[in-house]
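What follows is one structure encoded as structure tokens, with my remarks underneath.
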Amino acid sequence: MTDLLATLYPWVKALHIMAVLTWMAGIFYLPRLYVYHVERGQNGAEEPAASLTVMEWKLLRYIMNPSLIAVWLFGLMLVATPGIVDWSSIWPWTKAVGVIAMTWFHMWLGARRKDLAAGTNTRTGRTYRMMNEVPTILMVVIVLSVVLKF
């Protein structure tokens, strides 16, 4: 099995990077859709467009969720490849914390989508704008961990 992982390493790494890019695109875009959704319905001035609800659902269901699964699958395959991770270093642990936090953020976004769809959202556009900074901070931690291997 370890020989197979070593042979497939370049492919697994490439697929992992592609999945991360796709996942991050969704993670950056979905909170922005939430801002539009919330702000279009403020003060009863305008009903949130049904298209926003559909866009949010499709982005999460068809792009972000499969990407999340692929990131974890290919990431775990990379971790299982002999000689790739030095567990005595700090970097795999900081990356792991960053990825777990990013996964939590993904789940948080999913819960907020349900609130918006049900009309029970209690958060403001400002909250979603601020939360949109979370994945940027986590991305910096993850990338620096992997590239600098501190």
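Residue numbering restarts at 1 for every chain of the structure tokens, chains are lettered A, B, ... in their displayed order, and ligands are numbered from 1 as they appear.
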
Margin query: Env of Leu109 in chain A: 12 Å cut, atoms = only C-alpha atoms, seq-sep filter 6 positions within chain, self excluded. Answer as a ChimeraX atom specification.
Written below: /A:26-34,56-57,59-61,64-65,102-103,115-116,121,123,128,131-132,134-135

Note to self: Run DSSP on the backbone and tell me which residues of chain A come out as alpha helix (DSSP H); list them as a count of residues only.
What the structure shows: 114

Margin query: With distances taken over only C-alpha atoms, which residue among A:Met139, A:Met107, A:Ala117, A:Ala19 lies nearest Leu73 in chain A?
Written below: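 Of the candidates, the smallest distance to Leu73 in chain A is held by A:Ala19.
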
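Nearest-residue note for Thr2 in chain A: choosing from A:Ala70, A:Ile17, A:Met130, A:Ile84, the minimum distance belongs to A:Ile84, counting only C-alpha atoms.
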
Need the shell around range 96-101 of chain A: protein/DNA/RNA residues with any atom at most 7 Å away, counting only C-alpha atoms. Skip same-chain ones fewer than 5 positions apart. Format as a PDB file with N, CA and C atoms, in the first residue's frame?
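Writing done, so here's out12.pdb:
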```
ATOM      1  N   LEU A 138      -6.916  31.657   8.204  1.00  0.00           N
ATOM      2  CA  LEU A 138      -6.619  30.222   8.246  1.00  0.00           C
ATOM      3  C   LEU A 138      -5.766  29.798   7.051  1.00  0.00           C
ATOM      4  N   VAL A 141      -2.137  30.652   7.717  1.00  0.00           N
ATOM      5  CA  VAL A 141      -1.538  29.689   8.653  1.00  0.00           C
ATOM      6  C   VAL A 141      -1.215  28.381   7.942  1.00  0.00           C
ATOM      7  N   ILE A 142      -2.166  27.885   7.153  1.00  0.00           N
ATOM      8  CA  ILE A 142      -1.981  26.597   6.469  1.00  0.00           C
ATOM      9  C   ILE A 142      -0.846  26.674   5.446  1.00  0.00           C
TER      10      ILE A 142
END
```

Next item on the list: Just give me the gap between CA of Phe105 in chain A and CA of Val146 in chain A in Å, one decimal is fine.
Entry: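 Separation of CA of Phe105 in chain A and CA of Val146 in chain A: 20.3 Å.
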